[in-house]
file protein.pdb (PDB, C-alpha atoms)
ATOM      1  CA  MET A 192     -13.396 -17.715  -7.208
ATOM      2  CA  ASN A 193      -9.981 -18.107  -5.626
ATOM      3  CA  TRP A 194      -6.787 -17.324  -7.561
ATOM      4  CA  ASP A 195      -6.224 -21.061  -8.063
ATOM      5  CA  GLY A 196      -9.606 -21.446  -9.749
ATOM      6  CA  ALA A 197     -11.287 -23.160  -6.818
ATOM      7  CA  PRO A 198     -14.659 -21.887  -5.705
ATOM      8  CA  PHE A 199     -14.651 -20.299  -2.280
ATOM      9  CA  ARG A 200     -17.393 -19.986   0.305
ATOM     10  CA  LEU A 201     -16.723 -18.195   3.531
ATOM     11  CA  HIS A 202     -19.127 -20.349   5.509
ATOM     12  CA  GLU A 203     -17.000 -23.362   4.667
ATOM     13  CA  GLN A 204     -14.276 -21.730   6.747
ATOM     14  CA  ARG A 205     -16.390 -22.184   9.850
ATOM     15  CA  GLY A 206     -14.239 -23.607  12.596
ATOM     16  CA  LYS A 207     -11.439 -21.311  11.530
ATOM     17  CA  VAL A 208     -10.780 -17.710  12.343
ATOM     18  CA  ALA A 209     -10.829 -15.596   9.189
ATOM     19  CA  VAL A 210      -9.142 -12.288   8.408
ATOM     20  CA  LEU A 211     -10.920 -10.632   5.524
ATOM     21  CA  PHE A 212      -9.710  -7.505   3.754
ATOM     22  CA  PHE A 213     -10.390  -5.692   0.518
ATOM     23  CA  GLY A 214      -8.016  -4.098  -1.973
ATOM     24  CA  PHE A 215      -6.533  -4.228  -5.454
ATOM     25  CA  THR A 216      -3.187  -5.197  -6.908
ATOM     26  CA  HIS A 217      -2.511  -1.862  -8.656
ATOM     27  CA  CYS A 218      -2.195  -0.334  -5.214
ATOM     28  CA  PRO A 219       1.302   0.715  -4.136
ATOM     29  CA  ASP A 220       0.815   1.710  -0.557
ATOM     30  CA  ILE A 221      -1.710   0.290   1.833
ATOM     31  CA  CYS A 222      -2.741  -2.944   0.084
ATOM     32  CA  PRO A 223       0.771  -4.412  -0.017
ATOM     33  CA  GLY A 224       1.219  -2.947   3.445
ATOM     34  CA  SER A 225      -1.824  -4.844   4.650
ATOM     35  CA  PHE A 226      -0.600  -8.022   2.984
ATOM     36  CA  ALA A 227       2.841  -7.606   4.516
ATOM     37  CA  LYS A 228       1.317  -7.170   7.947
ATOM     38  CA  VAL A 229      -0.898 -10.227   7.673
ATOM     39  CA  ARG A 230       1.917 -12.262   6.227
ATOM     40  CA  LYS A 231       4.203 -11.360   9.108
ATOM     41  CA  ILE A 232       1.544 -12.366  11.614
ATOM     42  CA  TYR A 233       0.821 -15.627   9.786
ATOM     43  CA  ALA A 234       4.507 -16.475   9.410
ATOM     44  CA  GLU A 235       5.089 -15.972  13.119
ATOM     45  CA  LEU A 236       2.041 -17.927  14.206
ATOM     46  CA  ALA A 237       2.662 -21.201  16.030
ATOM     47  CA  PRO A 238       2.663 -23.991  13.419
ATOM     48  CA  GLU A 239      -0.292 -25.773  15.031
ATOM     49  CA  LYS A 240      -2.391 -22.605  14.720
ATOM     50  CA  LYS A 241      -1.721 -21.879  11.064
ATOM     51  CA  GLY A 242      -4.390 -24.283   9.891
ATOM     52  CA  ASP A 243      -6.906 -22.458  12.055
ATOM     53  CA  LEU A 244      -6.477 -19.110  10.344
ATOM     54  CA  ALA A 245      -7.892 -18.246   6.920
ATOM     55  CA  VAL A 246      -6.548 -15.098   5.276
ATOM     56  CA  VAL A 247      -8.954 -13.866   2.629
ATOM     57  CA  PHE A 248      -8.287 -10.961   0.262
ATOM     58  CA  VAL A 249     -11.171  -9.719  -1.871
ATOM     59  CA  SER A 250     -10.291  -7.674  -4.937
ATOM     60  CA  VAL A 251     -12.419  -4.565  -5.395
ATOM     61  CA  ASP A 252     -11.044  -4.315  -8.944
ATOM     62  CA  PRO A 253     -12.188  -7.450 -10.791
ATOM     63  CA  GLU A 254     -11.581  -5.688 -14.118
ATOM     64  CA  ARG A 255      -7.794  -5.698 -13.741
ATOM     65  CA  ASP A 256      -7.511  -8.303 -10.999
ATOM     66  CA  THR A 257      -8.327 -11.295 -13.106
ATOM     67  CA  ARG A 258      -7.847 -14.701 -11.604
ATOM     68  CA  GLU A 259      -4.497 -14.861 -13.405
ATOM     69  CA  ALA A 260      -3.412 -11.488 -12.006
ATOM     70  CA  LEU A 261      -4.335 -12.625  -8.515
ATOM     71  CA  ALA A 262      -2.483 -15.897  -9.062
ATOM     72  CA  ALA A 263       0.665 -13.877  -9.744
ATOM     73  CA  TYR A 264       0.137 -11.715  -6.697
ATOM     74  CA  VAL A 265      -1.524 -13.341  -3.706
ATOM     75  CA  PRO A 266       0.644 -16.483  -3.336
ATOM     76  CA  ALA A 267       3.764 -14.283  -3.426
ATOM     77  CA  PHE A 268       2.804 -13.433   0.141
ATOM     78  CA  ASP A 269       1.711 -16.907   1.152
ATOM     79  CA  SER A 270       0.311 -19.709  -0.956
ATOM     80  CA  SER A 271      -2.315 -20.459   1.684
ATOM     81  CA  PHE A 272      -3.823 -16.986   1.350
ATOM     82  CA  VAL A 273      -7.083 -16.790  -0.516
ATOM     83  CA  GLY A 274      -7.415 -14.052  -3.142
ATOM     84  CA  LEU A 275     -10.894 -13.704  -4.550
ATOM     85  CA  HIS A 276     -11.961 -12.553  -7.962
ATOM     86  CA  LEU A 277     -15.710 -12.046  -7.699
ATOM     87  CA  ASP A 278     -18.105 -11.209 -10.454
ATOM     88  CA  ARG A 279     -19.830  -7.853 -10.280
ATOM     89  CA  ASP A 280     -22.932  -9.074  -8.455
ATOM     90  CA  ALA A 281     -21.091 -11.210  -5.933
ATOM     91  CA  LEU A 282     -18.670  -8.377  -5.231
ATOM     92  CA  ALA A 283     -21.504  -5.911  -4.709
ATOM     93  CA  ARG A 284     -23.246  -8.336  -2.341
ATOM     94  CA  THR A 285     -20.063  -9.028  -0.389
ATOM     95  CA  ALA A 286     -19.115  -5.365  -0.134
ATOM     96  CA  GLY A 287     -22.649  -4.542   0.929
ATOM     97  CA  ALA A 288     -22.591  -7.178   3.632
ATOM     98  CA  TYR A 289     -19.463  -5.664   5.169
ATOM     99  CA  GLY A 290     -20.342  -2.051   4.535
ATOM    100  CA  VAL A 291     -17.361  -1.783   2.222
ATOM    101  CA  VAL A 292     -17.129   1.239  -0.024
ATOM    102  CA  MET A 293     -15.402   0.936  -3.415
ATOM    103  CA  GLN A 294     -15.157   3.499  -6.153
ATOM    104  CA  LYS A 295     -12.952   4.004  -9.192
ATOM    105  CA  ARG A 296     -10.828   7.110  -9.152
ATOM    106  CA  TYR A 297      -9.241   8.371 -12.366
ATOM    107  CA  PRO A 298      -6.295  10.743 -12.230
ATOM    108  CA  LYS A 299      -6.933  14.290 -13.348
ATOM    109  CA  GLY A 300      -6.207  15.063 -16.962
ATOM    110  CA  ARG A 301      -3.904  13.081 -19.230
ATOM    111  CA  ASP A 302      -3.525   9.384 -18.536
ATOM    112  CA  ARG A 303      -6.825   7.615 -18.132
ATOM    113  CA  ALA A 304      -5.281   4.196 -18.541
ATOM    114  CA  TYR A 305      -4.576   3.989 -14.863
ATOM    115  CA  TYR A 306      -7.173   4.331 -12.195
ATOM    116  CA  SER A 307      -7.054   3.863  -8.492
ATOM    117  CA  MET A 308      -9.746   2.333  -6.316
ATOM    118  CA  ASP A 309     -11.066   4.091  -3.262
ATOM    119  CA  HIS A 310     -11.896   1.314  -0.867
ATOM    120  CA  THR A 311     -12.519   0.425   2.737
ATOM    121  CA  SER A 312      -9.161  -0.620   4.139
ATOM    122  CA  THR A 313     -10.304  -2.243   7.365
ATOM    123  CA  PHE A 314      -9.423  -5.793   8.440
ATOM    124  CA  PHE A 315     -12.580  -7.759   9.257
ATOM    125  CA  LEU A 316     -12.044 -10.506  11.838
ATOM    126  CA  ILE A 317     -14.481 -13.403  11.816
ATOM    127  CA  ASP A 318     -14.606 -15.930  14.617
ATOM    128  CA  ARG A 319     -14.778 -19.720  14.390
ATOM    129  CA  GLU A 320     -18.556 -19.588  14.398
ATOM    130  CA  GLY A 321     -18.695 -17.254  11.448
ATOM    131  CA  ASN A 322     -19.528 -14.095  13.351
ATOM    132  CA  LEU A 323     -17.965 -10.792  12.414
ATOM    133  CA  ARG A 324     -16.293  -9.860  15.659
ATOM    134  CA  GLU A 325     -13.823  -7.048  15.085
ATOM    135  CA  GLN A 326     -12.939  -4.390  12.574
ATOM    136  CA  VAL A 327      -9.326  -3.318  12.795
ATOM    137  CA  PRO A 328      -7.955  -0.291  10.909
ATOM    138  CA  PHE A 329      -5.219  -1.170   8.412
ATOM    139  CA  ASN A 330      -2.701   1.142  10.014
ATOM    140  CA  VAL A 331      -2.521  -0.373  13.472
ATOM    141  CA  HIS A 332       0.748  -1.906  14.567
ATOM    142  CA  ALA A 333       1.061  -5.539  13.508
ATOM    143  CA  ASP A 334       1.084  -6.540  17.183
ATOM    144  CA  THR A 335      -2.353  -5.013  17.688
ATOM    145  CA  LEU A 336      -3.808  -6.977  14.805
ATOM    146  CA  ARG A 337      -1.939 -10.070  15.964
ATOM    147  CA  ALA A 338      -3.430  -9.780  19.448
ATOM    148  CA  ALA A 339      -6.938  -9.504  18.046
ATOM    149  CA  ILE A 340      -6.404 -12.586  15.875
ATOM    150  CA  GLU A 341      -4.874 -14.550  18.753
ATOM    151  CA  ARG A 342      -7.841 -13.728  20.968
ATOM    152  CA  LEU A 343     -10.195 -15.291  18.450
ATOM    153  CA  LEU A 344      -7.906 -18.268  17.882
ATOM    154  CA  GLU A 345      -7.978 -18.999  21.593
ATOM    155  CA  GLU A 346     -11.723 -19.456  21.500
ATOM    156  CA  ASN A 347     -12.215 -23.148  20.942
ATOM    157  CA  GLY A 348     -14.621 -23.918  18.208
ATOM    158  CA  PRO A 349     -18.376 -23.569  18.390
ATOM    159  CA  LYS A 350     -19.277 -23.007  21.982
ATOM    160  CA  SER A 351     -22.300 -24.091  23.884
ATOM    161  CA  GLU A 352     -24.894 -21.469  24.657
ATOM    162  CA  GLY A 353     -23.980 -19.027  27.344
ATOM    163  CA  ALA A 354     -20.332 -20.064  27.438
TER     164      ALA A 354
ATOM    165  CA  MET B  88      22.901   2.843 -19.003
ATOM    166  CA  ARG B  89      21.032   4.523 -16.240
ATOM    167  CA  THR B  90      21.741   8.063 -17.222
ATOM    168  CA  ARG B  91      18.719   9.574 -18.880
ATOM    169  CA  LEU B  92      16.051  10.676 -16.530
ATOM    170  CA  GLY B  93      12.423  10.634 -17.501
ATOM    171  CA  LEU B  94      11.425  13.836 -15.811
ATOM    172  CA  ALA B  95       7.825  14.070 -14.763
ATOM    173  CA  VAL B  96       7.393  17.750 -14.049
ATOM    174  CA  PRO B  97       4.117  18.730 -12.467
ATOM    175  CA  PHE B  98       2.033  20.925 -14.675
ATOM    176  CA  LEU B  99       1.869  23.843 -12.369
ATOM    177  CA  LEU B 100       4.535  26.489 -12.116
ATOM    178  CA  ALA B 101       6.749  26.476  -9.115
ATOM    179  CA  SER B 102       6.520  30.243  -9.005
ATOM    180  CA  ALA B 103       2.781  30.008  -8.601
ATOM    181  CA  LEU B 104       3.236  28.303  -5.275
ATOM    182  CA  GLY B 105       4.240  31.535  -3.624
ATOM    183  CA  ALA B 106       6.299  29.815  -0.974
ATOM    184  CA  CYS B 107       7.634  31.846   1.826
ATOM    185  CA  ASP B 108      10.963  33.120   0.595
ATOM    186  CA  GLU B 109      12.185  34.208   3.991
ATOM    187  CA  GLY B 110      15.180  32.354   5.346
ATOM    188  CA  THR B 111      17.170  29.587   3.759
ATOM    189  CA  PRO B 112      16.130  25.936   3.640
ATOM    190  CA  ALA B 113      18.640  23.170   4.357
ATOM    191  CA  ILE B 114      17.214  19.945   3.004
ATOM    192  CA  VAL B 115      18.308  16.447   4.006
ATOM    193  CA  VAL B 116      16.589  13.351   2.608
ATOM    194  CA  GLU B 117      16.756  10.407   4.972
ATOM    195  CA  LYS B 118      15.678   6.777   5.299
ATOM    196  CA  PRO B 119      14.723   6.065   1.679
ATOM    197  CA  ALA B 120      12.856   2.780   1.267
ATOM    198  CA  LEU B 121      11.303   1.001  -1.673
ATOM    199  CA  ARG B 122       8.198  -1.109  -1.302
ATOM    200  CA  ARG B 123       7.988  -3.480  -4.205
ATOM    201  CA  THR B 124       4.868  -5.517  -4.796
ATOM    202  CA  PRO B 125       4.255  -8.674  -6.796
ATOM    203  CA  GLY B 126       2.217  -6.432  -9.105
ATOM    204  CA  GLU B 127       3.140  -3.606 -11.462
ATOM    205  CA  VAL B 128       3.380  -0.802  -8.967
ATOM    206  CA  ALA B 129       5.636   0.158  -6.108
ATOM    207  CA  ALA B 130       6.013   2.903  -3.542
ATOM    208  CA  VAL B 131       8.961   4.944  -2.338
ATOM    209  CA  TYR B 132       9.121   6.356   1.143
ATOM    210  CA  PHE B 133      11.602   8.699   2.796
ATOM    211  CA  THR B 134      11.814  11.541   5.255
ATOM    212  CA  VAL B 135      12.687  15.095   4.302
ATOM    213  CA  ALA B 136      14.226  17.117   7.088
ATOM    214  CA  ASN B 137      14.604  20.852   6.707
ATOM    215  CA  ARG B 138      17.294  22.082   9.059
ATOM    216  CA  GLY B 139      17.198  25.597   7.701
ATOM    217  CA  ASP B 140      14.997  28.547   8.602
ATOM    218  CA  GLY B 141      13.247  28.838   5.239
ATOM    219  CA  ALA B 142      10.456  26.728   3.798
ATOM    220  CA  ASP B 143      10.930  24.645   0.676
ATOM    221  CA  ARG B 144       8.769  22.402  -1.463
ATOM    222  CA  LEU B 145       9.368  19.132  -3.251
ATOM    223  CA  VAL B 146       8.000  19.994  -6.682
ATOM    224  CA  ALA B 147       9.145  17.185  -8.980
ATOM    225  CA  VAL B 148      10.487  13.658  -8.930
ATOM    226  CA  ALA B 149      12.175  11.721 -11.698
ATOM    227  CA  VAL B 150      13.247   8.124 -12.096
ATOM    228  CA  ALA B 151      15.720   6.503 -14.459
ATOM    229  CA  GLU B 152      13.494   5.551 -17.351
ATOM    230  CA  ASP B 153      15.127   2.197 -17.917
ATOM    231  CA  LEU B 154      14.022   1.139 -14.436
ATOM    232  CA  ALA B 155      10.440   2.394 -14.326
ATOM    233  CA  ASP B 156       7.766   3.908 -16.538
ATOM    234  CA  ARG B 157       7.117   6.871 -14.314
ATOM    235  CA  ILE B 158       6.875   8.157 -10.793
ATOM    236  CA  GLU B 159       4.360  10.496  -9.191
ATOM    237  CA  MET B 160       3.776  12.239  -5.898
ATOM    238  CA  HIS B 161       0.733  10.831  -4.124
ATOM    239  CA  GLU B 162      -0.975  10.771  -0.791
ATOM    240  CA  THR B 163      -3.258   8.172   0.721
ATOM    241  CA  VAL B 164      -6.013   9.752   2.739
ATOM    242  CA  VAL B 165      -8.165   7.592   4.989
ATOM    243  CA  GLU B 166     -11.546   8.762   6.147
ATOM    244  CA  ASP B 167     -14.044   6.554   7.963
ATOM    245  CA  GLY B 168     -11.892   3.573   7.040
ATOM    246  CA  VAL B 169     -12.047   4.346   3.330
ATOM    247  CA  ALA B 170      -8.651   4.827   1.694
ATOM    248  CA  ARG B 171      -8.321   7.183  -1.242
ATOM    249  CA  MET B 172      -5.128   7.681  -3.181
ATOM    250  CA  LEU B 173      -4.795  11.247  -4.356
ATOM    251  CA  GLU B 174      -2.297  12.796  -6.738
ATOM    252  CA  ARG B 175      -0.255  15.596  -5.286
ATOM    253  CA  PRO B 176       1.170  17.323  -8.374
ATOM    254  CA  GLU B 177       1.736  20.405  -6.254
ATOM    255  CA  GLY B 178       4.231  18.392  -4.228
ATOM    256  CA  TYR B 179       4.880  18.559  -0.532
ATOM    257  CA  ARG B 180       5.728  21.677   1.442
ATOM    258  CA  ILE B 181       8.693  21.249   3.744
ATOM    259  CA  PRO B 182       8.381  23.739   6.610
ATOM    260  CA  PRO B 183      11.422  25.418   8.107
ATOM    261  CA  ARG B 184      12.983  23.422  10.936
ATOM    262  CA  GLY B 185      10.445  20.738  10.190
ATOM    263  CA  THR B 186      10.244  17.204   8.894
ATOM    264  CA  VAL B 187       7.909  15.682   6.364
ATOM    265  CA  ALA B 188       7.640  11.917   6.291
ATOM    266  CA  LEU B 189       6.578   9.875   3.314
ATOM    267  CA  GLN B 190       5.241   6.746   4.932
ATOM    268  CA  GLU B 191       2.755   3.940   4.581
ATOM    269  CA  GLY B 192      -0.807   5.156   4.629
ATOM    270  CA  GLY B 193       0.165   8.738   3.824
ATOM    271  CA  ARG B 194       2.403  10.599   1.405
ATOM    272  CA  HIS B 195       4.354   8.382  -0.959
ATOM    273  CA  LEU B 196       5.890   8.312  -4.398
ATOM    274  CA  MET B 197       4.061   5.896  -6.630
ATOM    275  CA  VAL B 198       6.217   4.028  -9.133
ATOM    276  CA  PHE B 199       4.558   2.651 -12.266
ATOM    277  CA  GLY B 200       6.104  -0.186 -14.218
ATOM    278  CA  LEU B 201       9.081  -0.867 -11.958
ATOM    279  CA  ARG B 202      11.479  -3.237 -13.733
ATOM    280  CA  GLU B 203      12.748  -6.356 -12.077
ATOM    281  CA  GLU B 204      16.292  -5.230 -12.922
ATOM    282  CA  VAL B 205      16.084  -2.842 -10.004
ATOM    283  CA  ALA B 206      17.024  -5.797  -7.797
ATOM    284  CA  SER B 207      20.298  -6.469  -9.612
ATOM    285  CA  GLU B 208      21.002  -2.740  -9.721
ATOM    286  CA  GLY B 209      20.736  -2.814  -5.946
ATOM    287  CA  GLY B 210      18.773   0.388  -5.782
ATOM    288  CA  LEU B 211      16.558   2.883  -7.534
ATOM    289  CA  ASP B 212      18.095   6.260  -8.338
ATOM    290  CA  LEU B 213      15.734   9.205  -8.066
ATOM    291  CA  GLU B 214      16.162  12.867  -8.738
ATOM    292  CA  LEU B 215      14.134  15.071  -6.454
ATOM    293  CA  THR B 216      13.618  18.724  -7.345
ATOM    294  CA  PHE B 217      13.000  21.188  -4.545
ATOM    295  CA  GLU B 218      11.678  24.603  -5.385
ATOM    296  CA  ARG B 219      14.499  26.466  -3.677
ATOM    297  CA  THR B 220      17.188  23.900  -2.958
ATOM    298  CA  GLY B 221      17.161  22.522  -6.494
ATOM    299  CA  LYS B 222      17.958  18.973  -7.436
ATOM    300  CA  VAL B 223      18.802  16.298  -4.896
ATOM    301  CA  SER B 224      19.762  12.802  -6.037
ATOM    302  CA  ILE B 225      18.981   9.860  -3.826
ATOM    303  CA  ARG B 226      19.464   6.121  -4.113
ATOM    304  CA  VAL B 227      16.604   4.075  -2.729
ATOM    305  CA  PRO B 228      17.848   0.677  -1.574
ATOM    306  CA  VAL B 229      15.964  -2.421  -2.595
ATOM    307  CA  GLY B 230      14.823  -4.471   0.349
ATOM    308  CA  ASP B 231      15.132  -8.212   0.473
ATOM    309  CA  GLU B 232      13.166 -10.428  -1.827
ATOM    310  CA  ALA B 233      10.243 -10.462   0.579
ATOM    311  CA  GLU B 234       8.039  -8.826  -1.938
ATOM    312  CA  GLY B 235       5.531  -6.356  -0.729
ATOM    313  CA  GLU B 236       7.138  -6.325   2.636
ATOM    314  CA  GLY B 237       8.887  -3.186   3.661
ATOM    315  CA  SER B 238      11.926  -2.202   3.575
ATOM    316  CA  CYS B 239       9.206   0.047   4.838
ATOM    317  CA  CYS B 240       8.164   1.683   7.107
ATOM    318  CA  LEU B 241       5.898   3.037   9.632
ATOM    319  CA  GLU B 242       3.722   0.894  11.806
ATOM    320  CA  LYS B 243       1.779   2.917  14.257
TER     321      LYS B 243
END

call {"tool": "encode", "arguments": {"input": "protein.pdb", "output": "structure tokens"}}
result
Amino acid sequence: MNWDGAPFRLHEQRGKVAVLFFGFTHCPDICPGSFAKVRKIYAELAPEKKGDLAVVFVSVDPERDTREALAAYVPAFDSSFVGLHLDRDALARTAGAYGVVMQKRYPKGRDRAYYSMDHTSTFFLIDREGNLREQVPFNVHADTLRAAIERLLEENGPKSEGA
Amino acid sequence: MRTRLGLAVPFLLASALGACDEGTPAIVVEKPALRRTPGEVAAVYFTVANRGDGADRLVAVAVAEDLADRIEMHETVVEDGVARMLERPEGYRIPPRGTVALQEGGRHLMVFGLREEVASEGGLDLELTFERTGKVSIRVPVGDEAEGEGSCCLEK
């Protein structure tokens, strides 16, 4: 379910290029860094291309990342970004499909109220036909990720065989 | 109002670190940056340059307790695309004539419960404790309202 309460199905994004990444909101370093990178790319995209790009964040921490928590977080970057709260089974299926690893990590000793989530930090790029085409490490320069997204955006819709 | 410091001292003894006591460190903290997020956590980045000929170690960090719940030394480690955030209570060694960068995807200070008032304060005051140099106060500027966007940092 998206942060706005609407159901979300990736296959309904067909025709668009999708950037999919996993994370959690109690993450100080790379998750907001990934969001900032994607937001910069989206903000600088030509206006006519914006509608062709779906940015999809999947929380690996549905326990703390309730729909309400995601609603306070994801649209702060851009209101068009999707932020998914999945139930346990759907999350396990989705993570499995992308080979995403996720694991709770409690700090040593004292405070067990806070935990971190180990998780795959890769950007998954999906083309207009719904094929997973590229996996880009989170720590590449924004221009590298931008170039990969632009390449997929330049492919025009479902192609005929052999094109 | 921002006078008392909630000191989060790591549990291990500085003396147990057995740092090289040869030479004299000369520590300079540069390029402090605060990454706020729309959530409850934040990160602080900076670079520590040691212009002296002796090693030092950042062993403790403290934040004004009216601006955050606590602050800890962490490091993100990425292996096979999987990011893990590890506590580094032992701190960070600063080699002689060397530089240690706290930057996105690596070493960082994690701030818990950062208050929104930090924006009107214009910055977050931190007290860094180095094993040999002692205490160093820094002011970490608050970036623009573009939440989650750096003020930071490294993009490789």

call {"tool": "residues_near_point", "arguments": {"input": "protein.pdb", "point": "(-10.4, -7.2, 8.8)", "cutoff": "7 Å", "atoms": "all atoms listed in the file", "output": "list in words"}}
result
Val210, Leu211, Phe212, Thr313, Phe314, Phe315, Leu316, Gln326 and Val327 of chain A

call {"tool": "atom_distance", "arguments": {"input": "protein.pdb", "atom1": "CA of Glu203 in chain A", "atom2": "CA of Arg342 in chain A"}}
result
21.0 Å

call {"tool": "resolve_selection", "arguments": {"input": "protein.pdb", "expression": "the PyMOL selection byres ((chain B and resi 143) around 9)", "output": "PyMOL selection string"}}
result
chain B and resi 106-108+111-114+137+141-142+144-145+179-183+217-220

call {"tool": "residues_around", "arguments": {"input": "protein.pdb", "residues": "Lys207 in chain A", "least_positions_apart": "4", "cutoff": "9 Å", "atoms": "all atoms listed in the file", "output": "mmCIF file with C-alpha atoms, in the coordinates of the input"}}
result
data_model
loop_
_atom_site.group_PDB
_atom_site.id
_atom_site.type_symbol
_atom_site.label_atom_id
_atom_site.label_comp_id
_atom_site.auth_asym_id
_atom_site.auth_seq_id
_atom_site.Cartn_x
_atom_site.Cartn_y
_atom_site.Cartn_z
ATOM 1 C CA GLY A 242 -4.390 -24.283 9.891
ATOM 2 C CA ASP A 243 -6.906 -22.458 12.055
ATOM 3 C CA LEU A 244 -6.477 -19.110 10.344
ATOM 4 C CA ALA A 245 -7.892 -18.246 6.920
ATOM 5 C CA ILE A 317 -14.481 -13.403 11.816
ATOM 6 C CA ASP A 318 -14.606 -15.930 14.617
ATOM 7 C CA ARG A 319 -14.778 -19.720 14.390
ATOM 8 C CA GLU A 320 -18.556 -19.588 14.398
ATOM 9 C CA GLY A 321 -18.695 -17.254 11.448
ATOM 10 C CA LEU A 344 -7.906 -18.268 17.882
ATOM 11 C CA GLY A 348 -14.621 -23.918 18.208
#

call {"tool": "closest_residue", "arguments": {"input": "protein.pdb", "among": "B:Glu191, B:Asp140, B:Glu109, B:Glu117", "to": "chain A", "atoms": "only C-alpha atoms"}}
result
B:Glu191

call {"tool": "atom_distance", "arguments": {"input": "protein.pdb", "atom1": "CA of Thr186 in chain B", "atom2": "CA of Ala136 in chain B"}}
result
4.4 Å

call {"tool": "axis_aligned_box", "arguments": {"input": "protein.pdb", "around": "range 318-322 of chain A", "padding_each_side": "3 Å", "output": "AutoDock Vina command-line options"}}
result
--center_x -17.1 --center_y -16.9 --center_z 13.0 --size_x 10.9 --size_y 11.6 --size_z 9.2

call {"tool": "atom_distance", "arguments": {"input": "protein.pdb", "atom1": "CA of Val247 in chain A", "atom2": "CA of Gly274 in chain A"}}
result
6.0 Å

call {"tool": "closest_residue", "arguments": {"input": "protein.pdb", "among": "A:Asp269, A:Asp278, A:Glu235, A:Asp195", "to": "Glu254 in chain A", "atoms": "only C-alpha atoms"}}
result
A:Asp278

call {"tool": "closest_residue", "arguments": {"input": "protein.pdb", "among": "A:Trp194, A:Phe199, A:Phe213, A:Tyr233", "to": "Leu336 in chain A", "atoms": "only C-alpha atoms"}}
result
A:Tyr233

call {"tool": "resolve_selection", "arguments": {"input": "protein.pdb", "expression": "the PyMOL selection byres ((chain A and resi 192) around 7)", "output": "PyMOL selection string"}}
result
chain A and resi 193-194+196-199+275-277

call {"tool": "closest_residue", "arguments": {"input": "protein.pdb", "among": "A:Leu236, A:Arg255, A:Asn322, A:Ala209", "to": "Phe272 in chain A", "atoms": "all atoms listed in the file"}}
result
A:Ala209

call {"tool": "decode", "arguments": {"input": "protein.pdb", "residues": "range 270-282 of chain A", "atoms": "N, CA and C atoms", "output": "mmCIF file, in the first residue's frame"}}
result
data_model
loop_
_atom_site.group_PDB
_atom_site.id
_atom_site.type_symbol
_atom_site.label_atom_id
_atom_site.label_comp_id
_atom_site.auth_asym_id
_atom_site.auth_seq_id
_atom_site.Cartn_x
_atom_site.Cartn_y
_atom_site.Cartn_z
ATOM 1 N N SER A 270 6.004 14.626 -3.798
ATOM 2 C CA SER A 270 4.696 14.014 -3.535
ATOM 3 C C SER A 270 4.334 12.955 -4.573
ATOM 4 N N SER A 271 5.078 12.936 -5.694
ATOM 5 C CA SER A 271 4.788 11.904 -6.691
ATOM 6 C C SER A 271 5.492 10.584 -6.357
ATOM 7 N N PHE A 272 6.424 10.619 -5.414
ATOM 8 C CA PHE A 272 7.155 9.395 -5.094
ATOM 9 C C PHE A 272 6.243 8.428 -4.344
ATOM 10 N N VAL A 273 6.374 7.184 -4.717
ATOM 11 C CA VAL A 273 5.616 6.124 -4.057
ATOM 12 C C VAL A 273 6.450 5.613 -2.876
ATOM 13 N N GLY A 274 5.805 5.400 -1.751
ATOM 14 C CA GLY A 274 6.493 4.820 -0.588
ATOM 15 C C GLY A 274 5.633 3.694 -0.049
ATOM 16 N N LEU A 275 6.122 2.471 -0.168
ATOM 17 C CA LEU A 275 5.260 1.321 0.082
ATOM 18 C C LEU A 275 5.442 0.714 1.463
ATOM 19 N N HIS A 276 4.332 0.572 2.128
ATOM 20 C CA HIS A 276 4.249 -0.248 3.341
ATOM 21 C C HIS A 276 3.641 -1.577 2.907
ATOM 22 N N LEU A 277 4.419 -2.633 2.995
ATOM 23 C CA LEU A 277 3.927 -3.950 2.590
ATOM 24 C C LEU A 277 3.748 -4.829 3.825
ATOM 25 N N ASP A 278 2.782 -5.708 3.752
ATOM 26 C CA ASP A 278 2.676 -6.648 4.867
ATOM 27 C C ASP A 278 3.814 -7.663 4.758
ATOM 28 N N ARG A 279 3.992 -8.420 5.823
ATOM 29 C CA ARG A 279 5.151 -9.297 5.928
ATOM 30 C C ARG A 279 5.319 -10.205 4.702
ATOM 31 N N ASP A 280 4.236 -10.821 4.274
ATOM 32 C CA ASP A 280 4.329 -11.766 3.158
ATOM 33 C C ASP A 280 4.677 -11.065 1.854
ATOM 34 N N ALA A 281 4.007 -9.938 1.608
ATOM 35 C CA ALA A 281 4.253 -9.216 0.365
ATOM 36 C C ALA A 281 5.684 -8.681 0.334
ATOM 37 N N LEU A 282 6.156 -8.241 1.503
ATOM 38 C CA LEU A 282 7.529 -7.732 1.568
ATOM 39 C C LEU A 282 8.524 -8.853 1.301
#
